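Here the structure comes first, spelled out in C-alpha cells, and everything after it is commentary.
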There are 2 protein chains.
Amino acid sequence: MTFTVKSEIYTFGGRLLKLSHQSLITNSFMDVNVYLPSQYFNSPESLVKIPVLIYLSGLTCTPQNASEKAGLFGYADKYGLALVFPDTSPKNLPIAGSKDSWDFGESAGFYLDATKEPWSKYFQMHSYILKEIPLLAKQYPKLDFTKKSIMGHSMGGLGALLFFLRNNSESHTEFQSVSCFAPICAPMSVPWGKKAFGGYLADESEWAQYDPTQLIKKYQGINTSDILIHQGTKDGFYSGDINQLQPEKLVEAVKGTRYDGKLNMNLVEGYDHSYYFIASFAGEHVLHHAKALGLV
Amino acid sequence: MTFTVKSEIYTFGGRLLKLSHQSLITNSFMDVNVYLPSQYFNSPESLVKIPVLIYLSGLTCTPQNASEKAGLFGYADKYGLALVFPDTSPKNLPIAGSKDSWDFGESAGFYLDATKEPWSKYFQMHSYILKEIPLLAKQYPKLDFTKKSIMGHSMGGLGALLFFLRNNSESHTEFQSVSCFAPICAPMSVPWGKKAFGGYLADESEWAQYDPTQLIKKYQGINTSDILIHQGTKDGFYSGDINQLQPEKLVEAVKGTRYDGKLNMNLVEGYDHSYYFIASFAGEHVLHHAKALGLV
C-alpha cells in the first residue's frame with residue numbers, strides 16, 4: 001500500500017500531506033489528508049510516537065473542506081497529535097447514478113459496510129477506515145495507530161460514534177475517545193439515515209448496528225470516556241422542518257447505560273451547521289482527545 | 001448608507017455579518033464582511049468601544065475566502081477587536097473585459113484610486129476603504145474607527161502598506177499598526193504592479209504614490225510602530241521564475257529611513273502563498289495589532 005503524495009503544505013509548524021491511494025477494500029482510488037505536527041519532524045526518531053486523531057467529514061465533503069476550514073491544525077500541533085482526514089466515500093465509480101444524489105452514493109458513504117449490490121463492492125467505508133487507514137503507519141512510521149481517537153461532523157459525527165461504539169469492547173479499546181459536531185444521532189429515525197440504510201444495506205435487520213442510539217444501549221467497552229458533542233441551536237438540519245440529527249434521542253438512549261451521565265451534550269445558542277461552527281469549538285474538541293491520548 | 005445584512009453567523013463567541021451596500025465612491029454594489037467579537041454584544045452599551053482591524057484580501061478573492069480560511073476570529077474575540085473584510089474591487093461592472101483577467105479588473109483593485117477611464121469611475125478602492133468603510137459605525141455604533149489597524153495578504157498586503165504609509169502623517173495617525181502576509185512590496189518593479197498601474201493610472205508619474213518602497217522613504221508619520229511581515233520561502237510568487245513580491249526591495253528601501261530597524265520581516269522556511277500559510281501566523285498578527293490598539 002503506497003500513499004502517493006499529491007502535495008505537502010507547511011502549516012502551523014507541521015505539514016499537511018494530501019495523499020491518494022488505491023484501496024483494496026473500497027476497490028477505488030481514495031484521497032486522504034494527513035496533518036503531521038511539528039513533533040513528528042523535530043523529535044528523535046527512536047523516541048517519538050505520535051497519536052492519531054481521525055476526523056470524519058459530512059455529506060458532500062472531501063478531505064479538503066475540513067483541512068481548509070475546521071481550524072484544527074494549531075491545536076494538533078500544540079498537543080502533538082496527527083490528524084487524518086479520510087474521504088467521505090469512494091469516488092468516480094462505475095455505478096449508474098452514483099453521483100446523482102447529494103445524500104446518497106458518492107460523498108455519502110455513511111461510514112458503513114454496504115451489503116446491497118452494486119454498492120457493496122465499493123462502499124466498505126467502515127472496514128476501510130478501520131483496517132486500511134492505519135497502513136499509513138508503514139509510510140509514516142512515527143504514527144501510532146494503537147493510540148487513536150475519532151471525531152466528526154454531521155454524517156461524520158455519526159461515523160465517529162459508530163467507530164467508537166462498534167469497535168471498543170470489554171477486552172479491547174480501539175479508540176480512546178470520541179467527539180462530534182452536530183452528529184446524525186439516530187439515523188434509523190430520520191430521512192438521511194433511512195435513505196442510506198435502505199440503499200446500502202440488504203436487510204432492515206442490519207440497520208441497528210449503524211445506529212448510535214441502538215449501539216449505546218449494548219455498549220460493553222471498558223473505555224467509557226466522556227462523549228463530547230456540540231450542537232448548534234440554529235443548525236438548519238436540527239431546527240428546520242425535519243430534525244435530521246435528533247440529539248435528544250441519544251440523550252434519551254444513554255439513560256440506564258454505562259454512558260448515563262457521561263454524554264457531554266452541548267446545545268450552543270445561535271450556532272449553525274457550518275465550518276464556522278466547527279472551528280469555534282475545534283480547540284475544545286482537540287483538547288478532549290489530547291487528554292484521552294495522554295498528551296496533556 | 002445602509003449595509004444590508006445578507007447573513008449573520010455565530011462563530012467564536014461573536015458574529016460574522018455578511019453585508020452588502022451601494023457605494024457612492026465606487027458606484028457599485030460592494031460586499032463587506034464584519035466580525036463582531038463577543039465583547040461587542042456582552043458589554044454595557046455606554047462603556048464599550050471596539051477597535052477595528054481591517055483585513056485586505058489578495059487577487060481573485062472576495063470577503064469570503066479570508067472569513068472561511070484565515071483563522072482570525074478566535075484571536076479577534078480573545079482580544080476584543082472587530083474585523084472588517086472589504087471586497088477586492090467593485091464587481092459586475094459595465095466595462096467590457098472587466099472580468100477577463102485574474103490580475104487586473106474585477107477582484108484586482110490594488111487598493112488605489114484609478115485615474116484612467118473607464119476604470120476611474122469605479123476603481124476608487126483607496127478612497128472607498130478610507131472614507132466609506134468607516135460608515136459601518138453608523139449602523140454598528142460600538143465600532144471605533146478612530147482606533148484602527150490594517151493587515152492584508154499579497155495584493156492586500158500591498159494595500160495594507162499603502163493605507164498605513166499614505167495616511168499617517170506628522171500631525172495625524174489614521175492607522176495604529178500594519179502587518180502583511182506575502183505582500184507585493186515593490187509593485188513598480190514587477191509584472192503584477194506594472195499591469196495594474198499602467199491600466200488604472202493615467203500617468204506613470206502617479207505610480208510612486210502606490211509603491212511602498214517609494215512611500216517609506218518619504219514617510220513622516222509620528223507613528224513608527226513595527227511593520228510585521230511574514231513571507232514563505234516556498235511561495236510560488238516569491239520563489240518562482242518571477243518574484244512578484246520583492247520583500248528584499250522593501251528591506252533595502254527602509255535603510256536610512258525612520259523605519260530602519262523597525263521592519264519585522266520574517267522569511268519562514270517552507271511556507272507557501274496559501275491560506276494555510278496565513279492561518280499559521282494569524283495569531284501573531286492579531287496580537288501585533290491588539291498591542292498597538294491598547295488591548296493587551
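Residues are named by chain letter and number: chains run A, B, ... in the order of the C-alpha cells, numbers start at 1 in each chain, and ligands are numbered from 1 in the order shown.
Every chain A residue lying within 8 Å of chain B, based on only C-alpha atoms, is listed here: Ile9, Tyr10, Thr11, Phe12, Gly13, Glu68, Lys69, Gly71, Gly74, Gly270, Tyr271, Asp272, Tyr275, Tyr276, Phe277, Ala279, Ser280 and Phe281 of chain A.
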All residues 7 Å or closer to stretch 121-124 of chain A, only C-alpha atoms, same chain fewer than 2 positions away omitted, as an MDAnalysis selection string: chainID A and resid 25:28 89:90 109 112:114 118:119 126:128
Spatial neighbours of A:Leu263, 10 Å, only C-alpha atoms, chain gap at least 4 places, as a PyMOL selection string: chain A and resi 224-229+250-251+254-255+259
Test item, alpha helix (DSSP H) assignment across stretch 25-194 of chain B, answer as a VMD selection string: chain B and resid 38 to 42 63 to 69 73 to 79 125 to 127 136 to 139 155 to 167 191 to 194
Separation of atom CA of A:Gln39 from atom CA of A:Asp77 in Å: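 Rounded to one decimal, the two atoms are 7.4 Å apart.
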Separation of atom CA of B:Leu53 from atom CA of B:Asn264 in Å: 18.9 Å
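Proximity of B:Phe3, B:Tyr79, B:Phe145, B:Phe197 to B:Phe29, computed with only C-alpha atoms, is greatest for B:Phe3.
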For A:Lys147: contacts at 12 Å, only C-alpha atoms, fewer than 3 positions along chain excluded, given as JSON, numbers by chain: {"A": [49, 50, 51, 52, 53, 54, 81, 82, 134, 137, 142, 143, 144, 150, 173, 174, 175, 176, 177, 289, 290, 291, 292, 293, 294, 295]}
Just the selected residues (N, CA and C atoms), exported as a short mmCIF file (atom, residue, chain, number, x, y, z; two decimals), in the first residue's frame, please.
```cif
data_model
loop_
_atom_site.label_atom_id
_atom_site.label_comp_id
_atom_site.auth_asym_id
_atom_site.auth_seq_id
_atom_site.Cartn_x
_atom_site.Cartn_y
_atom_site.Cartn_z
N LYS A 49 6.43 8.77 19.35
CA LYS A 49 5.30 8.12 18.70
C LYS A 49 4.16 9.12 18.75
N ILE A 50 3.57 9.37 17.61
CA ILE A 50 2.57 10.43 17.50
C ILE A 50 1.17 9.80 17.46
N PRO A 51 0.33 10.06 18.46
CA PRO A 51 -1.04 9.54 18.43
C PRO A 51 -1.83 10.17 17.28
N VAL A 52 -2.93 9.55 16.94
CA VAL A 52 -3.69 9.93 15.74
C VAL A 52 -5.13 10.29 16.12
N LEU A 53 -5.58 11.40 15.58
CA LEU A 53 -6.99 11.78 15.72
C LEU A 53 -7.60 11.78 14.31
N ILE A 54 -8.57 10.90 14.11
CA ILE A 54 -9.23 10.79 12.81
C ILE A 54 -10.43 11.73 12.79
N LEU A 81 -0.40 15.81 18.25
CA LEU A 81 -1.09 14.66 17.65
C LEU A 81 -1.25 14.87 16.15
N ALA A 82 -1.35 13.77 15.43
CA ALA A 82 -1.57 13.82 13.99
C ALA A 82 -3.06 13.80 13.70
N PRO A 134 -4.96 2.71 8.92
CA PRO A 134 -3.77 2.53 9.77
C PRO A 134 -2.51 2.10 9.01
N ALA A 137 0.83 4.09 8.73
CA ALA A 137 2.00 3.98 9.62
C ALA A 137 3.18 3.29 8.94
N LYS A 142 6.34 7.04 12.48
CA LYS A 142 6.16 7.60 13.83
C LYS A 142 4.69 7.67 14.23
N LEU A 143 3.79 7.47 13.28
CA LEU A 143 2.36 7.50 13.62
C LEU A 143 2.01 6.26 14.44
N ASP A 144 1.29 6.48 15.53
CA ASP A 144 0.95 5.40 16.45
C ASP A 144 -0.56 5.14 16.41
N ILE A 150 -11.26 9.58 17.63
CA ILE A 150 -12.04 9.85 16.41
C ILE A 150 -13.08 10.94 16.67
N THR A 173 -9.72 -1.82 23.47
CA THR A 173 -10.06 -0.43 23.19
C THR A 173 -9.40 -0.02 21.89
N GLU A 174 -10.22 0.13 20.85
CA GLU A 174 -9.69 0.54 19.55
C GLU A 174 -9.54 2.06 19.50
N PHE A 175 -10.52 2.78 20.07
CA PHE A 175 -10.49 4.25 20.06
C PHE A 175 -10.53 4.77 21.50
N GLN A 176 -9.62 5.70 21.78
CA GLN A 176 -9.50 6.22 23.14
C GLN A 176 -10.62 7.19 23.48
N SER A 177 -11.11 7.91 22.49
CA SER A 177 -12.13 8.94 22.77
C SER A 177 -12.86 9.28 21.49
N HIS A 289 -9.56 15.14 23.16
CA HIS A 289 -8.84 13.96 22.68
C HIS A 289 -7.40 13.91 23.20
N ALA A 290 -6.77 15.08 23.27
CA ALA A 290 -5.38 15.13 23.76
C ALA A 290 -5.31 14.57 25.18
N LYS A 291 -6.32 14.89 25.98
CA LYS A 291 -6.35 14.35 27.36
C LYS A 291 -6.50 12.83 27.33
N ALA A 292 -7.42 12.35 26.52
CA ALA A 292 -7.65 10.90 26.47
C ALA A 292 -6.43 10.15 25.93
N LEU A 293 -5.66 10.83 25.08
CA LEU A 293 -4.47 10.21 24.49
C LEU A 293 -3.23 10.41 25.34
N GLY A 294 -3.42 11.02 26.51
CA GLY A 294 -2.31 11.17 27.45
C GLY A 294 -1.32 12.26 27.08
N LEU A 295 -1.75 13.21 26.28
CA LEU A 295 -0.83 14.26 25.81
C LEU A 295 -0.85 15.49 26.72
#
```
Selected residue of minimal separation from A:Pro187 among A:Thr233, A:Asn167, A:Gln214, A:Ser98, counting only C-alpha atoms: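 Checking each of A:Thr233, A:Asn167, A:Gln214, A:Ser98 against A:Pro187, counting only C-alpha atoms, the winner is A:Gln214.
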DSSP strand (DSSP E or B) residues within stretch 103-188 of chain B, listed as an MDAnalysis selection string: chainID B and resid 105 108 113 124 143:153 178:181
Export, as a short mmCIF file (atom, residue, chain, number, x, y, z; two decimals), in the first residue's frame, the selected residues with N, CA and C atoms.
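Contents of out06.cif, as written:
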```cif
data_model
loop_
_atom_site.label_atom_id
_atom_site.label_comp_id
_atom_site.auth_asym_id
_atom_site.auth_seq_id
_atom_site.Cartn_x
_atom_site.Cartn_y
_atom_site.Cartn_z
N GLY B 105 -8.55 44.36 -13.24
CA GLY B 105 -10.01 44.50 -13.34
C GLY B 105 -10.69 43.94 -12.11
N ALA B 108 -9.27 42.68 -8.65
CA ALA B 108 -7.86 43.10 -8.68
C ALA B 108 -7.77 44.62 -8.61
N ASP B 113 -6.72 54.55 -6.22
CA ASP B 113 -7.78 55.34 -6.86
C ASP B 113 -7.39 55.52 -8.33
N GLN B 124 -12.10 53.08 -7.17
CA GLN B 124 -11.66 54.09 -6.19
C GLN B 124 -11.53 53.38 -4.84
N LEU B 143 -18.50 50.22 17.14
CA LEU B 143 -17.23 50.15 16.39
C LEU B 143 -16.53 51.49 16.47
N ASP B 144 -15.24 51.44 16.77
CA ASP B 144 -14.46 52.66 16.94
C ASP B 144 -13.42 52.78 15.82
N PHE B 145 -13.80 53.46 14.76
CA PHE B 145 -12.87 53.60 13.63
C PHE B 145 -11.78 54.64 13.87
N THR B 146 -11.83 55.31 15.02
CA THR B 146 -10.68 56.17 15.36
C THR B 146 -9.53 55.34 15.91
N LYS B 147 -9.82 54.11 16.25
CA LYS B 147 -8.78 53.17 16.68
C LYS B 147 -8.79 52.01 15.72
N LYS B 148 -7.95 52.09 14.71
CA LYS B 148 -7.99 51.00 13.73
C LYS B 148 -6.59 50.67 13.22
N SER B 149 -6.48 49.44 12.77
CA SER B 149 -5.23 48.95 12.20
C SER B 149 -5.56 48.21 10.91
N ILE B 150 -4.51 47.80 10.20
CA ILE B 150 -4.77 47.21 8.89
C ILE B 150 -3.76 46.13 8.57
N MET B 151 -4.26 45.07 7.93
CA MET B 151 -3.40 43.97 7.53
C MET B 151 -3.88 43.45 6.18
N GLY B 152 -3.07 42.62 5.54
CA GLY B 152 -3.52 42.07 4.27
C GLY B 152 -2.57 41.03 3.72
N HIS B 153 -3.02 40.39 2.65
CA HIS B 153 -2.30 39.28 2.03
C HIS B 153 -2.03 39.58 0.56
N VAL B 178 0.30 48.08 11.17
CA VAL B 178 0.14 47.40 9.88
C VAL B 178 0.87 46.07 9.93
N SER B 179 0.31 45.07 9.23
CA SER B 179 1.03 43.81 9.06
C SER B 179 0.62 43.17 7.74
N CYS B 180 1.49 42.32 7.24
CA CYS B 180 1.25 41.73 5.90
C CYS B 180 1.69 40.28 5.85
N PHE B 181 0.95 39.53 5.06
CA PHE B 181 1.37 38.20 4.62
C PHE B 181 1.77 38.29 3.15
#
```
d(atom CA of A:Ala186, atom CA of A:Tyr111) in Å: 14.4 Å
